[in-house]
2 protein chains.
Amino acid sequence: MNHRFGKGPPKGWPGHFRGQGYRVTVPRRIILQVLGNAEKHLSAEEIYLRSYKLYPAIGLTTVYRTLDLLIKNGVIIKIESGEGRARYELAGRVEGINCHQHLFCVNCRNFLDISDLTEDEIAVIKKMKERLLKKYGFTVKSCILQFYGECKNCKKKE
Amino acid sequence: MNHRFGKGPPKGWPGHFRGQGYRVTVPRRIILQVLGNAEKHLSAEEIYLRSYKLYPAIGLTTVYRTLDLLIKNGVIIKIESGEGRARYELAGRVEGINCHQHLFCVNCRNFLDISDLTEDEIAVIKKMKERLLKKYGFTVKSCILQFYGECKNCKKKE
DNA sequence: ATGTTAATGGTAATCATTATCAATAAGGAA
DNA sequence: TTCCTTATTGATAATGATTACCATTAACAT
Ligand SMILES: [Mn+2]
Ligand SMILES: [Mn+2]
Ligand SMILES: [Zn+2]
Ligand SMILES: [Zn+2]
């Protein structure tokens with residue numbers, strides 16, 4: 001249901017990658033395909049399992065290595081939500097701004113992944129990006145607004 | 001130099017904690033003191049080492065357990081920046097809004113911890129909090145704006 | 001088609017975090 | 001203050017996600 005998921009791998013990545021001197025390999029194709037078709041944030045093991053179905057020769061080590069490469073190139077983002085394993089998601093999903101929100105419940109440790117920004121909010125974030133570039137020399141590729149607090153379910157139980 | 005650091009432990013926490021049925025113990029006092037005097041985000045081991053200086057009987061397990069307790073009560077926030085170990089910081093440092101920014105470099109994996117919000121940005125975030133409460137039943141206690149991209153140093157090296 | 005070397009994948013090693021459990025001490029009651 | 005209950009502690013062992021290693025394979029430039 002979330003428009004940030006299930007859109008397939010980023011278009012034109014093979015050319016872009018080759019341009020950087022990287023090789024376009026079968027495992028990399030598969031992993032990007034899995035990430036592109038994900039309906040949620042996936043752990044390394046989940047990515048491995050889904051890739052294995054498409055290409056049983058793949059190894060878990062390669063999954064980790066490829067994820068690392070994709071992070072360094074700004075293609076995906078690594079999410080560590082305190083559950084002991086990291087999760088990964090494509091970074092470039094929202095046109096123009098590439099920003100969404102995570103609502104972390106500090107009590108039950110679940111988190112809600114939403115993409116719910118108003119025009120005002122988008123405008124302000126765009127400005128903030130420009131300011132961060134000027135002031136800190138930092139070029140923003142994507143962002144996540146992490147909110148910590150108490151979720152609906154945990155409130156009921158009180 | 002960052003106004004979010006070095007302010008000492010949150011005032012009045014012993015009473016608040018006892019009210020919740022928790023006991024106010026020596027290790028908890030020490031750990032909160034260490035967190036309150038931190039000049040940066042500390043790892044569990046760093047917290048343990050600093051606590052050890054003040055109270056050599058303390059154990060690493062207790063540090064982890066106490067950090068967990070403080071997270072659940074919204075006193076601190078756990079930051080996992082992909083370096084293999086988590087870091088912790090007091091949540092309640094910025095009056096009114098409790099929000100600051102992290103600039104993650106996807107290349108060198110360093111991150112800059114800043115607290116640099118304009119009036120406009122603060123106003124927008126306040127509104128967002130209200131909206132998240134109405135729409136998702138989520139009560140925000142604090143937030144971090146995570147920006148992913150390329151840092152100043154990494155640009156130079158290209 | 002061949003050569004160079006980036007990339008792979010099985011395996012072992014690492015190390016931050018958790019689980020266990022007997023011993024201790026906070027704090028309420030008397 | 002003294003006693004009791006039990007939350008909390010800390011030493012140790014176990015866990016498990018991630019990384020290191022290294023011989024083998026396969027992109028892809030020539
Ligand atoms: Mn997300
Ligand atoms: Mn911070
Ligand atoms: Zn919850
Ligand atoms: Zn950098």
# chains A, B, ... in the order shown; residues from 1 in each chain; ligands from 1

call {"tool": "residues_around", "arguments": {"residues": "A:Gly92", "least_positions_apart": "3", "cutoff": "9 Å", "atoms": "only C-alpha atoms (C1' of nucleotides)", "output": "number ranges by chain"}}
result
A: 4, 10, 74-76, 95, 97-99, 141-142

call {"tool": "residues_near_ligand", "arguments": {"ligand": "ligand 2", "cutoff": "12 Å", "atoms": "only C-alpha atoms (C1' of nucleotides) and all ligand atoms", "output": "PyMOL selection string"}}
result
(chain A and resi 146) or (chain B and resi 2-5+38-42+76-81+86-94+98-104+111-116+142-147)

call {"tool": "residues_near_ligand", "arguments": {"ligand": "ligand 4", "cutoff": "12 Å", "atoms": "only C-alpha atoms (C1' of nucleotides) and all ligand atoms", "output": "list in words"}}
result
Lys72, Asn73, Tyr136, Gly137, Phe138, Thr139 and Val140 of chain A; Leu103, Phe104, Cys105, Val106, Asn107, Cys108, Arg109, Asn110, Phe111, Leu112, Tyr148, Gly149, Glu150, Cys151, Lys152, Asn153, Cys154, Lys155, Lys156, Lys157 and Glu158 of chain B

call {"tool": "interface_residues", "arguments": {"of": "chain B", "to": "chain D", "cutoff": "12 Å", "atoms": "only C-alpha atoms (C1' of nucleotides)", "output": "ChimeraX atom specification"}}
result
/B:21-28,56-66,82-85

call {"tool": "select_by_dssp", "arguments": {"residues": "chain B", "states": "strand (DSSP E)", "output": "number ranges by chain"}}
result
B: 42-43, 76-79, 87-90, 99-105, 111-114, 139-150

call {"tool": "interface_residues", "arguments": {"of": "chain C", "to": "chain A", "cutoff": "10 Å", "atoms": "only C-alpha atoms (C1' of nucleotides)", "output": "number ranges by chain"}}
result
C: 6-10, 16-17

call {"tool": "residues_around", "arguments": {"residues": "A:Gly8", "least_positions_apart": "2", "cutoff": "6 Å", "atoms": "only C-alpha atoms (C1' of nucleotides)", "output": "number ranges by chain"}}
result
A: 6, 36-37

call {"tool": "select_by_dssp", "arguments": {"residues": "chain A", "states": "alpha helix (DSSP H)", "output": "NGL selection string"}}
result
:A and (13-19 or 26-37 or 44-54 or 60-72 or 119-136 or 152-156)

call {"tool": "atom_distance", "arguments": {"atom1": "atom CA of B:Asp68", "atom2": "atom C1' of C:DT20"}}
result
18.2 Å

call {"tool": "residues_around", "arguments": {"residues": "A:Trp13", "least_positions_apart": "2", "cutoff": "10 Å", "atoms": "only C-alpha atoms (C1' of nucleotides)", "output": "MDAnalysis selection string"}}
result
chainID A and resid 9:11 15:19 24 29 32 75

call {"tool": "residues_around", "arguments": {"residues": "B:Ala123", "least_positions_apart": "5", "cutoff": "12 Å", "atoms": "only C-alpha atoms (C1' of nucleotides)", "output": "compact mmCIF listing (two decimals) with N, CA, C and O atoms, in the first residue's frame"}}
result
# COMPACT_ATOMS: atom_id res chain seq x y z
N ASP A 120 3.97 21.98 3.07
CA ASP A 120 4.76 22.84 3.96
C ASP A 120 6.01 22.13 4.45
O ASP A 120 7.12 22.67 4.41
N GLU A 121 5.80 20.91 4.91
CA GLU A 121 6.90 20.15 5.48
C GLU A 121 7.96 19.86 4.42
O GLU A 121 9.16 20.00 4.68
N VAL A 124 9.99 23.00 3.78
CA VAL A 124 10.92 23.29 4.87
C VAL A 124 12.14 22.37 4.82
O VAL A 124 13.27 22.79 5.04
N GLY B 96 11.18 22.33 24.74
CA GLY B 96 10.00 22.43 23.88
C GLY B 96 9.90 21.38 22.80
O GLY B 96 8.93 20.65 22.71
N ILE B 97 10.96 21.22 22.04
CA ILE B 97 10.83 20.40 20.85
C ILE B 97 11.60 19.07 20.91
O ILE B 97 11.15 18.06 20.39
N CYS B 99 14.38 17.97 19.55
CA CYS B 99 14.67 17.45 18.22
C CYS B 99 16.01 17.98 17.74
O CYS B 99 16.34 19.15 17.96
N LEU B 117 18.17 24.25 14.25
CA LEU B 117 16.83 24.39 13.67
C LEU B 117 16.37 25.83 13.71
O LEU B 117 16.56 26.53 14.70
N THR B 118 15.76 26.28 12.62
CA THR B 118 15.23 27.65 12.58
C THR B 118 13.84 27.65 13.23
O THR B 118 13.26 26.60 13.50
N MET B 128 3.73 18.76 12.97
CA MET B 128 3.83 17.37 12.55
C MET B 128 3.53 16.44 13.72
O MET B 128 2.83 15.44 13.59
N LYS B 129 4.06 16.78 14.88
CA LYS B 129 3.82 15.99 16.08
C LYS B 129 2.32 15.88 16.36
O LYS B 129 1.80 14.80 16.66
N GLU B 130 1.65 17.01 16.28
CA GLU B 130 0.20 17.02 16.53
C GLU B 130 -0.52 16.12 15.53
O GLU B 130 -1.42 15.36 15.87

call {"tool": "atom_distance", "arguments": {"atom1": "atom CA of B:Ile31", "atom2": "atom CA of B:Ser51"}}
result
6.1 Å
